[in-house]
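Chemist: Sharing input-v4.txt, compact mmCIF, C-alpha atoms:
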```
# COMPACT_ATOMS: atom_id res chain seq x y z
CA ALA A 97 44.91 86.00 29.53
CA ASN A 98 45.08 86.49 33.26
CA ASN A 99 48.41 87.85 34.50
CA ALA A 100 48.91 86.80 38.11
CA LEU A 101 51.60 89.47 38.59
CA ARG A 102 49.22 92.30 37.74
CA GLN A 103 47.35 94.00 40.54
CA ASP A 104 43.69 94.99 40.16
CA HIS A 105 43.29 98.76 40.38
CA GLU A 106 39.53 99.00 39.89
CA SER A 107 39.14 100.36 43.38
CA LYS A 108 41.49 103.23 42.60
CA GLN A 109 39.85 104.75 39.58
CA GLY A 110 40.77 108.41 39.38
CA ALA A 111 43.78 108.05 41.69
CA ALA A 112 46.99 109.81 40.72
CA ALA A 113 49.58 107.90 38.70
CA LEU A 114 51.92 107.95 41.71
CA HIS A 115 49.42 105.83 43.66
CA TYR A 116 49.29 103.26 40.89
CA ILE A 117 53.08 103.09 40.72
CA ALA A 118 53.44 102.61 44.47
CA ASP A 119 50.82 99.85 44.40
CA HIS A 120 52.62 98.04 41.61
CA TYR A 121 55.91 98.21 43.48
CA LYS A 122 54.34 96.84 46.66
CA PHE A 123 52.63 94.04 44.80
CA ALA A 124 55.70 93.02 42.82
CA LEU A 125 58.05 93.14 45.81
CA GLY A 126 55.56 91.17 47.86
CA ARG A 127 55.38 88.47 45.21
CA ALA A 128 59.17 88.32 44.93
CA PHE A 129 60.02 88.21 48.63
CA GLU A 130 56.92 86.86 50.38
CA ASP A 131 55.62 84.36 47.82
CA ALA A 132 58.74 83.32 45.91
CA GLY A 133 61.17 83.68 48.83
CA THR A 134 63.70 85.52 46.68
CA ARG A 135 66.95 86.48 48.43
CA HIS A 136 67.58 89.65 46.41
CA ALA A 137 65.44 91.51 43.89
CA VAL A 138 66.43 94.08 41.26
CA VAL A 139 63.76 96.71 40.61
CA LEU A 140 63.81 98.15 37.10
CA GLU A 141 61.54 100.50 35.19
CA GLU A 142 60.59 99.58 31.62
CA ASP A 143 61.94 102.72 29.93
CA MET A 144 65.64 101.99 30.41
CA LEU A 145 68.53 100.75 28.33
CA LEU A 146 70.94 98.46 30.17
CA SER A 147 74.69 98.16 30.03
CA PRO A 148 76.21 94.74 29.20
CA ASP A 149 77.39 94.31 32.80
CA PHE A 150 74.16 95.55 34.42
CA LEU A 151 73.53 92.25 36.22
CA ARG A 152 77.22 91.75 36.96
CA LEU A 153 77.11 94.89 39.10
CA PHE A 154 74.50 93.31 41.38
CA GLU A 155 76.14 89.89 41.38
CA SER A 156 79.45 91.47 42.38
CA THR A 157 78.08 93.57 45.23
CA ALA A 158 75.38 91.34 46.75
CA TYR A 159 77.81 90.00 49.34
CA LEU A 160 78.45 93.54 50.61
CA LEU A 161 74.73 94.25 50.88
CA ASP A 162 74.36 91.06 52.93
CA ALA A 163 77.36 91.66 55.19
CA ASP A 164 77.22 95.42 55.83
CA PRO A 165 74.27 96.63 57.95
CA THR A 166 75.07 100.23 56.97
CA LEU A 167 73.98 99.50 53.38
CA MET A 168 70.37 99.67 52.18
CA CYS A 169 70.64 99.00 48.46
CA VAL A 170 72.76 98.76 45.33
CA SER A 171 71.77 101.03 42.45
CA SER A 172 72.88 101.12 38.83
CA TRP A 173 72.23 104.88 38.49
CA ASN A 174 74.53 107.79 39.34
CA ASP A 175 72.57 111.06 39.57
CA ASN A 176 75.79 113.01 38.97
CA GLY A 177 77.23 110.74 36.29
CA TYR A 178 77.11 113.26 33.45
CA LYS A 179 79.04 112.96 30.21
CA HIS A 180 81.20 115.98 31.04
CA MET A 181 82.58 114.26 34.17
CA ASP A 182 85.60 111.95 34.41
CA LEU A 183 83.82 108.64 35.07
CA ASP A 184 85.74 105.48 35.90
CA PRO A 185 83.76 102.45 34.65
CA ALA A 186 85.33 100.21 37.32
CA ARG A 187 84.73 102.47 40.33
CA VAL A 188 81.80 102.04 42.74
CA PHE A 189 81.07 104.49 45.56
CA ARG A 190 78.75 104.85 48.55
CA SER A 191 75.82 107.26 48.31
CA SER A 192 73.80 108.44 51.30
CA PHE A 193 71.05 109.52 48.90
CA PHE A 194 68.76 106.76 47.63
CA PRO A 195 69.03 106.85 43.80
CA GLY A 196 66.35 104.38 42.67
CA LEU A 197 66.25 103.82 38.88
CA GLY A 198 67.44 100.23 38.70
CA TRP A 199 68.27 99.08 42.24
CA MET A 200 68.63 95.95 44.34
CA LEU A 201 67.40 95.29 47.86
CA LYS A 202 67.54 92.19 50.01
CA ARG A 203 64.69 90.19 51.46
CA GLU A 204 65.20 91.30 55.07
CA LEU A 205 64.75 94.96 54.21
CA TRP A 206 61.39 94.26 52.63
CA ILE A 207 60.09 91.71 55.14
CA ASP A 208 61.32 93.34 58.35
CA GLU A 209 60.95 97.02 57.51
CA LEU A 210 59.29 98.22 54.33
CA SER A 211 56.38 95.91 53.58
CA SER A 212 54.23 96.80 56.58
CA LYS A 213 54.45 100.57 56.03
CA TRP A 214 54.84 100.94 52.27
CA PRO A 215 53.43 104.37 51.28
CA PRO A 216 50.36 104.93 49.08
CA HIS A 217 52.34 107.18 46.70
CA SER A 218 55.73 108.83 46.09
CA TRP A 219 57.60 105.71 47.21
CA ASP A 220 61.04 106.94 46.05
CA HIS A 221 60.93 110.15 48.11
CA TRP A 222 59.64 108.09 51.04
CA MET A 223 62.70 105.82 50.77
CA ARG A 224 64.92 108.86 51.30
CA VAL A 225 63.29 109.86 54.59
CA ASP A 226 65.33 109.09 57.72
CA GLY A 227 62.64 106.72 58.97
CA GLN A 228 63.47 104.39 56.08
CA SER A 229 67.10 105.13 55.25
CA LYS A 230 68.20 105.16 58.91
CA GLY A 231 71.56 106.58 57.95
CA ARG A 232 72.30 103.73 55.55
CA ASP A 233 73.94 104.11 52.17
CA CYS A 234 73.58 102.61 48.69
CA LEU A 235 76.38 101.37 46.43
CA VAL A 236 76.47 103.16 43.07
CA PRO A 237 78.75 102.80 40.03
CA GLU A 238 80.49 106.01 39.00
CA LEU A 239 79.44 105.27 35.41
CA SER A 240 75.75 104.36 35.37
CA ARG A 241 74.70 100.90 34.19
CA ASN A 242 71.35 102.04 32.81
CA HIS A 243 70.09 104.92 30.73
CA ASN A 244 66.61 106.37 31.04
CA ILE A 245 64.94 106.91 27.65
CA GLY A 246 61.48 107.88 28.95
CA GLU A 247 61.15 111.52 27.89
CA GLU A 248 57.73 111.83 29.49
CA GLY A 249 56.18 110.06 32.46
CA SER A 250 54.35 110.48 35.73
CA THR A 251 57.20 112.49 37.29
CA VAL A 252 59.22 113.61 34.22
CA ASN A 253 58.48 115.99 31.36
CA ARG A 254 60.53 116.71 28.26
CA ALA A 255 62.26 119.70 29.83
CA ASP A 256 63.32 117.70 32.91
CA PHE A 257 64.52 114.86 30.72
CA ALA A 258 66.58 117.19 28.55
CA SER A 259 68.21 119.01 31.49
CA ARG A 260 68.71 116.19 33.98
CA LEU A 261 68.56 112.76 32.35
CA SER A 262 69.55 112.85 28.70
CA ASN A 263 73.18 113.74 29.40
CA VAL A 264 73.81 111.03 31.98
CA ALA A 265 76.46 108.66 30.62
CA PHE A 266 76.19 104.90 30.84
CA ALA A 267 78.59 102.05 30.16
CA ALA A 268 78.57 100.72 26.63
CA SER A 269 80.96 97.91 27.58
CA ALA A 270 82.20 96.18 30.71
CA PRO A 271 85.62 97.07 32.17
CA ALA A 272 88.12 94.30 31.48
CA GLY A 273 88.92 93.70 35.14
CA GLY A 274 85.41 94.08 36.49
CA PHE A 275 84.54 96.37 39.37
CA ARG A 276 87.55 97.48 41.41
CA ASP A 277 88.27 97.47 45.17
CA LEU A 278 84.83 96.39 46.33
CA ASP A 279 86.06 95.51 49.81
CA GLY A 280 87.08 99.17 50.18
CA LEU A 281 83.36 100.02 50.15
CA ARG A 282 82.80 98.65 53.64
CA GLU A 283 81.61 101.53 55.79
CA ASP A 284 84.70 101.99 57.97
CA ARG A 285 87.13 101.76 55.06
CA TYR A 286 85.17 104.08 52.81
CA ARG A 287 84.64 106.64 55.58
CA ASP A 288 88.38 106.64 56.27
CA LEU A 289 89.12 107.09 52.56
CA VAL A 290 86.84 110.13 52.25
CA THR A 291 88.27 111.61 55.46
CA ARG A 292 91.82 111.25 54.15
CA MET A 293 90.81 112.83 50.83
CA LEU A 294 89.25 115.80 52.64
CA ASP A 295 92.24 116.25 54.94
CA SER A 296 94.75 116.25 52.10
CA ALA A 297 92.73 118.39 49.65
CA GLU A 298 93.47 122.03 48.93
CA GLU A 299 90.74 124.35 50.24
CA VAL A 300 89.34 126.74 47.62
CA PRO A 301 86.22 128.93 47.52
CA ARG A 302 83.32 128.11 45.25
CA GLY A 303 83.95 129.31 41.73
CA ALA A 304 87.73 129.46 42.10
CA GLY A 305 89.87 128.17 39.27
CA LEU A 306 90.82 124.51 39.70
CA GLY A 307 94.17 124.49 38.01
CA PRO A 308 95.08 123.21 34.55
CA PRO A 309 93.25 120.19 33.11
CA GLY A 310 95.00 116.94 33.84
CA ALA A 311 96.92 118.33 36.82
CA GLY A 312 95.66 115.54 39.07
CA ARG A 313 94.95 117.91 41.93
CA THR A 314 92.36 117.43 44.68
CA TYR A 315 90.35 120.37 46.01
CA ARG A 316 87.69 120.80 48.68
CA VAL A 317 84.93 123.39 48.55
CA GLY A 318 82.66 124.14 51.49
CA TYR A 319 78.98 125.00 51.13
CA VAL A 320 75.90 125.46 53.28
CA ARG A 321 72.64 123.75 52.44
CA GLU A 322 70.96 126.97 51.36
CA GLU A 323 73.69 127.39 48.72
CA TRP A 324 73.49 123.90 47.28
CA ARG A 325 71.46 124.70 44.17
CA ARG A 326 73.95 127.36 43.10
CA THR A 327 76.85 125.06 44.00
CA ALA A 328 75.42 122.25 41.87
CA GLU A 329 74.92 124.64 38.96
CA ALA A 330 78.49 125.92 39.28
CA TYR A 331 80.00 122.43 39.12
CA GLY A 332 77.68 120.81 36.59
CA LEU A 333 75.96 118.45 39.04
CA TYR A 334 72.31 117.40 39.38
CA VAL A 335 70.50 120.63 40.21
CA SER A 336 68.12 120.45 43.15
CA ASN A 337 67.76 121.90 46.63
CA TRP A 338 69.56 118.95 48.20
CA PRO A 339 72.74 117.13 47.10
CA ARG A 340 72.43 113.76 45.40
CA ALA A 341 75.04 111.02 45.19
CA HIS A 342 76.78 112.37 48.30
CA PHE A 343 78.42 110.41 51.11
CA ARG A 344 77.55 111.93 54.49
CA ARG A 345 77.20 115.41 52.87
CA VAL A 346 80.42 115.06 50.86
CA THR A 347 79.99 115.01 47.06
CA ILE A 348 83.01 113.78 45.12
CA MET A 349 83.31 114.79 41.47
CA ARG A 350 86.12 114.35 38.96
CA ARG A 351 86.48 116.57 35.93
CA ASN A 352 89.28 117.54 33.55
CA GLY A 353 91.73 115.35 35.43
CA ASN A 354 91.11 116.95 38.84
CA THR A 355 89.02 115.91 41.86
CA VAL A 356 86.70 118.19 43.83
CA LEU A 357 85.10 117.34 47.18
CA LEU A 358 82.09 119.51 47.99
CA TYR A 359 81.46 119.32 51.72
CA ASP A 360 78.73 120.67 53.97
CA ARG A 361 80.31 123.23 56.32
```
If you took the structure in this file and wrote it as structure tokens, what would it be?
Modeler:
Amino acid sequence: ANNALRQDHESKQGAAALHYIADHYKFALGRAFEDAGTRHAVVLEEDMLLSPDFLRLFESTAYLLDADPTLMCVSSWNDNGYKHMDLDPARVFRSSFFPGLGWMLKRELWIDELSSKWPPHSWDHWMRVDGQSKGRDCLVPELSRNHNIGEEGSTVNRADFASRLSNVAFAASAPAGGFRDLDGLREDRYRDLVTRMLDSAEEVPRGAGLGPPGAGRTYRVGYVREEWRRTAEAYGLYVSNWPRAHFRRVTIMRRNGNTVLLYDR
């Protein structure tokens, strides 16, 4: 049977898998926004398990995406949401790093910006470039609302999956009161919150002891970009050369009852 939502790739025989993926994204988003006139679209890979309130996340935050020009997307995936962290299922934060992996965008972003210059490959890295992000953030739940089960794929092998994806926690149930303090995610309010947290935190060097578990203390740790990989390893975050799930170069993590803010000096 003919599937009208499937793009013909005969002209791209031999092309890398990343080209095929980018083409499929462009085709599907074009159908959703240009043909169907959809207001919002949620982009989801097929190798994911979803939390019961996966769609509720997007329903609850769509009004912020519409009202706040400093937002680019809503994502259901927290790159730093590992099982060893203290993860609040009702908390949503702003990330200046585009997460992908189950995300929502609005029609204007596609029609006015992305559709005419969509890349031939590596679309997710392209979305993180300043020319696309333009300093905008994404809303992300502290506890992910999807779980990737694809151990092998075009950009993931078994070793990557084991070290970076398999230990990411995701919500098995919805919080009784829904997502909390969404209005506090507006850019000015959230920026002020992070600034206050930094100002009131105790400064400690990387690797210093963080006090007894459950003490409820807040610390700040400075780093330079060249040190980020070692910093991420030291604090059990996603290990790469650039911080993920950060807000304007400030990464907030909670563990053993304490809060740590890692900030770019």
Chemist: Between atom CA of A:Trp219 and atom CA of A:Arg135, what is the distance, to one decimal in Å?
Modeler: 21.4 Å
Chemist: In Å to one decimal, how far is atom CA of A:Ser211 from atom CA of A:Glu130?
Modeler: 9.6 Å
Chemist: Would you mind telling me which residue in A:Ala311, A:Ala270, A:Val264, A:Leu357 lies nearest to A:Lys179 when using all atoms listed in the file?
Modeler: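 Counting all atoms listed in the file, the residue closest to A:Lys179 is A:Val264.
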Chemist: Report, in Å with one decimal, the straight-line distance from atom CA of A:Pro301 to atom CA of A:Tyr319.
Modeler: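 A separation of 9.0 Å between them.
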Chemist: Nearest to A:Trp173 among A:Gly280, A:Gly133, A:Pro237, A:Pro185, with distances taken over only C-alpha atoms: which residue is it?
Modeler: A:Pro237
Chemist: Find the residue from A:Val346, A:Leu145, A:Val335, A:Ala304 that sits nearest to A:Leu289; use all atoms listed in the file when measuring.
Modeler: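 Nearest candidate to A:Leu289 out of A:Val346, A:Leu145, A:Val335, A:Ala304: A:Val346.
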Chemist: Could you tell me which of A:Asp162, A:Gly353, A:Leu167, A:Thr327 comes closest to A:Leu306 if we count all atoms listed in the file?
Modeler: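 The closest residue to A:Leu306 is A:Gly353.
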Chemist: Need to verify the contact set: A:Met144, 8 Å, only C-alpha atoms, exclusion of same-chain residues closer than 4 positions in sequence. Can you return it as a ChimeraX atom specification?
Modeler: /A:140,242-246
Chemist: For A:Gly177, which residue among A:Gly332, A:Pro309, A:Pro339, A:Gly196 is the nearest when counting only C-alpha atoms?
Modeler: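 For A:Gly177, the nearest of the candidates is A:Gly332.
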Chemist: What's around A:Ser192 at 7 Å? Count only C-alpha atoms, leave out sequence neighbours fewer than 4 positions away in its own chain, and write the answer as a PDB file with C-alpha atoms, in the frame of the given file.
Modeler:
```pdb
ATOM      1  CA  ARG A 232      72.300 103.730  55.550  1.00  0.00           C
ATOM      2  CA  ASP A 233      73.940 104.110  52.170  1.00  0.00           C
ATOM      3  CA  CYS A 234      73.580 102.610  48.690  1.00  0.00           C
ATOM      4  CA  ALA A 341      75.040 111.020  45.190  1.00  0.00           C
ATOM      5  CA  HIS A 342      76.780 112.370  48.300  1.00  0.00           C
ATOM      6  CA  PHE A 343      78.420 110.410  51.110  1.00  0.00           C
ATOM      7  CA  ARG A 344      77.550 111.930  54.490  1.00  0.00           C
TER       8      ARG A 344
END
```
Chemist: Tell me, as a PyMOL selection string, which residues lie within 12 Å of A:Met200, counting all atoms listed in the file; anything in the same chain fewer than 4 positions away does not count.
Modeler: chain A and resi 125+134-140+150-151+153-158+160-162+167-173+194-196+205-206+234-236
Chemist: Skip A:Gly312 itself and residues of its chain fewer than 2 positions away, then list as a compact mmCIF listing (two decimals) with C-alpha atoms, in the coordinates of the input all residues within 7 Å of it, counting all atoms listed in the file.
Modeler:
```
# COMPACT_ATOMS: atom_id res chain seq x y z
CA GLY A 310 95.00 116.94 33.84
CA THR A 314 92.36 117.43 44.68
CA GLY A 353 91.73 115.35 35.43
CA ASN A 354 91.11 116.95 38.84
```
